[in-house]
Amino acid sequence: MLRVLVGITLCVGLAVAFLLSTTRADPLPLGASAPAVSSVDENGKAVNLAEVFKSGTTLVYFFPRADTPGCTKEACALRDKWEDVKKLGITVIGVSMDKPEAQKAFKEKYNLPFTLLADEEGKVVKAFGVSTIRVGLPTRQSFLVKDGKIVWHDPEVKPDTHLDKVIKAVEGLSKTPAAGGKKQP
């Protein structure tokens, strides 16, 4: 009986470890060209990111799943300071691997004023080199793109501090080649 319990415990432990594991990827480095990849938005409309990246500064932020606590906190922080975001000229694109219907429901429920990409196949996630957790959910990461180049990256976004870090980075873009004082490779 003890052997059976130990065996079951081991199997459950391995299953949990598998589900919570992270698949590491190499994110695009500062100075790299932003990927010319397309996806669909919350309405199922095609969005060509190469076109979006042609003008101004774009925040591309990746989140695991629509309408979950951390993702909601992060999205609502952007919404709540939307006037500040607009004053800085930032275009915001949120990306998860949800279906368009889930993204649309999320956007409508919280009155989000920015585009949400439904990257079901993970093309955008892969193009940016974003790591995944569990069953292919993207990790929380952000990139700033300016003039078609990656100028800032936060590989470990925290919903509570995300927007403050983004604003500080955008304000620093006019002072240094890569926000945060980091030199491009």
# chains A, B, ... in the order shown; residues from 1 in each chain; ligands from 1
>>> select_by_dssp(residues="stretch 24-89 of chain A", states="alpha helix (DSSP H)", output="ChimeraX atom specification")
/A:49-52,69-80,82-87
>>> select_by_dssp(residues="chain A", states="strand (DSSP E or B)", output="PyMOL selection string")
chain A and resi 22-23+33+38-41+46-48+57-62+90-96+115-118+132-133+137-138+141-146+149-154
>>> write_last_selection(atoms="N, CA and C atoms", output="short mmCIF file (atom, residue, chain, number, x, y, z; two decimals), in the first residue's frame")
data_model
loop_
_atom_site.label_atom_id
_atom_site.label_comp_id
_atom_site.auth_asym_id
_atom_site.auth_seq_id
_atom_site.Cartn_x
_atom_site.Cartn_y
_atom_site.Cartn_z
N THR A 22 8.41 25.91 -17.63
CA THR A 22 8.57 27.01 -18.56
C THR A 22 9.45 26.55 -19.71
N THR A 23 9.03 26.89 -20.92
CA THR A 23 9.85 26.63 -22.09
C THR A 23 10.58 27.94 -22.38
N SER A 33 15.57 44.12 -35.40
CA SER A 33 14.37 44.53 -36.13
C SER A 33 13.17 43.84 -35.52
N SER A 38 2.03 38.81 -38.64
CA SER A 38 0.62 39.21 -38.58
C SER A 38 -0.15 38.27 -37.67
N SER A 39 -1.23 38.79 -37.14
CA SER A 39 -2.15 38.00 -36.32
C SER A 39 -3.52 38.63 -36.48
N VAL A 40 -4.47 38.17 -35.69
CA VAL A 40 -5.80 38.77 -35.73
C VAL A 40 -6.09 39.43 -34.39
N ASP A 41 -6.90 40.48 -34.43
CA ASP A 41 -7.26 41.17 -33.21
C ASP A 41 -8.50 40.54 -32.58
N ALA A 46 -7.34 41.07 -39.38
CA ALA A 46 -5.90 40.91 -39.53
C ALA A 46 -5.16 42.17 -39.12
N VAL A 47 -4.06 41.99 -38.38
CA VAL A 47 -3.20 43.09 -37.96
C VAL A 47 -1.78 42.75 -38.40
N ASN A 48 -1.23 43.60 -39.25
CA ASN A 48 0.14 43.44 -39.73
C ASN A 48 1.03 44.30 -38.84
N THR A 57 6.00 54.91 -31.23
CA THR A 57 6.49 53.89 -30.31
C THR A 57 5.35 52.93 -29.99
N THR A 58 5.63 51.65 -30.06
CA THR A 58 4.62 50.63 -29.80
C THR A 58 5.04 49.76 -28.63
N LEU A 59 4.14 49.60 -27.68
CA LEU A 59 4.32 48.65 -26.58
C LEU A 59 3.64 47.35 -27.00
N VAL A 60 4.41 46.28 -27.09
CA VAL A 60 3.86 44.95 -27.34
C VAL A 60 4.04 44.19 -26.03
N TYR A 61 2.91 43.91 -25.39
CA TYR A 61 3.03 43.20 -24.11
C TYR A 61 2.32 41.87 -24.19
N PHE A 62 2.98 40.85 -23.67
CA PHE A 62 2.50 39.48 -23.71
C PHE A 62 1.96 39.11 -22.34
N ILE A 90 2.27 56.37 -27.27
CA ILE A 90 2.47 54.92 -27.28
C ILE A 90 1.25 54.21 -27.86
N THR A 91 1.48 53.38 -28.85
CA THR A 91 0.46 52.46 -29.34
C THR A 91 0.61 51.18 -28.53
N VAL A 92 -0.50 50.65 -28.02
CA VAL A 92 -0.43 49.46 -27.17
C VAL A 92 -1.07 48.27 -27.88
N ILE A 93 -0.34 47.17 -27.88
CA ILE A 93 -0.83 45.90 -28.42
C ILE A 93 -0.62 44.84 -27.35
N GLY A 94 -1.71 44.27 -26.84
CA GLY A 94 -1.64 43.16 -25.90
C GLY A 94 -1.74 41.86 -26.66
N VAL A 95 -0.94 40.87 -26.28
CA VAL A 95 -0.90 39.60 -27.01
C VAL A 95 -1.02 38.43 -26.04
N SER A 96 -1.99 37.56 -26.32
CA SER A 96 -2.06 36.27 -25.63
C SER A 96 -2.48 35.24 -26.67
N THR A 115 -5.66 47.52 -28.69
CA THR A 115 -5.80 46.29 -29.46
C THR A 115 -5.30 45.08 -28.67
N LEU A 116 -6.05 44.00 -28.76
CA LEU A 116 -5.63 42.72 -28.18
C LEU A 116 -5.49 41.72 -29.33
N LEU A 117 -4.32 41.15 -29.48
CA LEU A 117 -4.11 40.14 -30.51
C LEU A 117 -4.44 38.76 -29.96
N ALA A 118 -5.12 37.98 -30.78
CA ALA A 118 -5.45 36.60 -30.46
C ALA A 118 -4.47 35.72 -31.23
N THR A 132 7.29 30.30 -22.86
CA THR A 132 5.92 29.87 -22.55
C THR A 132 5.90 29.08 -21.25
N ILE A 133 4.74 29.11 -20.62
CA ILE A 133 4.51 28.33 -19.40
C ILE A 133 3.36 27.39 -19.65
N LEU A 137 1.19 28.75 -22.74
CA LEU A 137 0.80 30.12 -22.45
C LEU A 137 2.04 31.00 -22.41
N PRO A 138 1.99 32.19 -23.03
CA PRO A 138 3.17 33.06 -23.01
C PRO A 138 3.44 33.61 -21.61
N GLN A 141 5.82 39.38 -20.62
CA GLN A 141 6.99 40.13 -21.11
C GLN A 141 6.49 41.33 -21.90
N SER A 142 7.35 42.34 -22.01
CA SER A 142 7.01 43.53 -22.79
C SER A 142 8.19 43.96 -23.63
N PHE A 143 7.85 44.53 -24.77
CA PHE A 143 8.84 45.09 -25.69
C PHE A 143 8.37 46.47 -26.12
N LEU A 144 9.28 47.40 -26.26
CA LEU A 144 8.99 48.66 -26.91
C LEU A 144 9.68 48.64 -28.26
N VAL A 145 8.91 49.03 -29.28
CA VAL A 145 9.41 49.09 -30.64
C VAL A 145 9.33 50.54 -31.10
N LYS A 146 10.43 51.04 -31.63
CA LYS A 146 10.46 52.40 -32.18
C LYS A 146 11.23 52.35 -33.49
N LYS A 149 12.54 48.98 -34.59
CA LYS A 149 13.59 48.30 -33.82
C LYS A 149 13.14 48.08 -32.38
N ILE A 150 13.63 47.00 -31.78
CA ILE A 150 13.39 46.74 -30.36
C ILE A 150 14.30 47.70 -29.58
N VAL A 151 13.69 48.56 -28.75
CA VAL A 151 14.48 49.55 -28.01
C VAL A 151 14.44 49.32 -26.50
N TRP A 152 13.56 48.41 -26.06
CA TRP A 152 13.45 48.12 -24.62
C TRP A 152 12.73 46.78 -24.48
N HIS A 153 13.12 46.05 -23.45
CA HIS A 153 12.50 44.75 -23.18
C HIS A 153 12.48 44.51 -21.68
N ASP A 154 11.34 44.06 -21.18
CA ASP A 154 11.22 43.66 -19.78
C ASP A 154 10.84 42.18 -19.79
#
>>> closest_residue(among="A:Thr161, A:Ser131, A:Ser174, A:Asn43", to="A:Ala102", atoms="only C-alpha atoms")
A:Asn43
>>> atom_distance(atom1="atom CA of A:Leu49", atom2="atom CA of A:Asp98")
17.9 Å
>>> residues_around(residues="stretch 68-85 of chain A", least_positions_apart="3", cutoff="10 Å", atoms="only C-alpha atoms", output="mmCIF file with C-alpha atoms, in the first residue's frame")
data_model
loop_
_atom_site.group_PDB
_atom_site.id
_atom_site.type_symbol
_atom_site.label_atom_id
_atom_site.label_comp_id
_atom_site.auth_asym_id
_atom_site.auth_seq_id
_atom_site.Cartn_x
_atom_site.Cartn_y
_atom_site.Cartn_z
ATOM 1 C CA LEU A 59 4.324 48.646 -26.582
ATOM 2 C CA TYR A 61 3.030 43.205 -24.108
ATOM 3 C CA PHE A 62 2.496 39.479 -23.708
ATOM 4 C CA PHE A 63 0.213 38.002 -21.073
ATOM 5 C CA PRO A 64 -0.797 34.413 -20.284
ATOM 6 C CA ARG A 65 -4.602 34.499 -20.397
ATOM 7 C CA LEU A 88 3.605 59.770 -24.735
ATOM 8 C CA GLY A 89 2.440 58.605 -28.182
ATOM 9 C CA ILE A 90 2.471 54.916 -27.276
ATOM 10 C CA THR A 91 0.458 52.458 -29.343
ATOM 11 C CA VAL A 92 -0.435 49.457 -27.166
ATOM 12 C CA GLY A 94 -1.636 43.165 -25.898
ATOM 13 C CA SER A 96 -2.065 36.268 -25.631
ATOM 14 C CA PHE A 106 -11.981 40.692 -22.023
ATOM 15 C CA LYS A 107 -11.723 44.013 -23.866
ATOM 16 C CA TYR A 110 -12.942 45.991 -18.770
ATOM 17 C CA ASN A 111 -13.409 48.697 -21.440
ATOM 18 C CA LEU A 112 -9.842 48.349 -22.676
ATOM 19 C CA PRO A 113 -8.925 51.088 -25.202
ATOM 20 C CA PHE A 114 -6.179 49.182 -27.037
ATOM 21 C CA ARG A 140 4.494 38.076 -19.048
ATOM 22 C CA VAL A 157 6.829 41.955 -16.073
ATOM 23 C CA LYS A 158 5.042 42.477 -12.770
ATOM 24 C CA PRO A 159 1.429 43.693 -13.155
ATOM 25 C CA ASP A 160 1.852 46.226 -10.308
ATOM 26 C CA THR A 161 4.897 47.984 -11.782
ATOM 27 C CA HIS A 162 4.580 47.311 -15.520
ATOM 28 C CA LEU A 163 3.157 50.643 -16.623
ATOM 29 C CA ASP A 164 5.560 52.700 -14.499
ATOM 30 C CA VAL A 166 7.121 51.380 -19.565
ATOM 31 C CA ILE A 167 6.574 55.115 -19.016
ATOM 32 C CA VAL A 170 9.613 55.722 -23.137
#
>>> atom_distance(atom1="atom CA of A:Gly136", atom2="atom CA of A:Gly122")
8.3 Å
>>> atom_distance(atom1="atom CA of A:Glu108", atom2="atom CA of A:Ala66")
11.5 Å
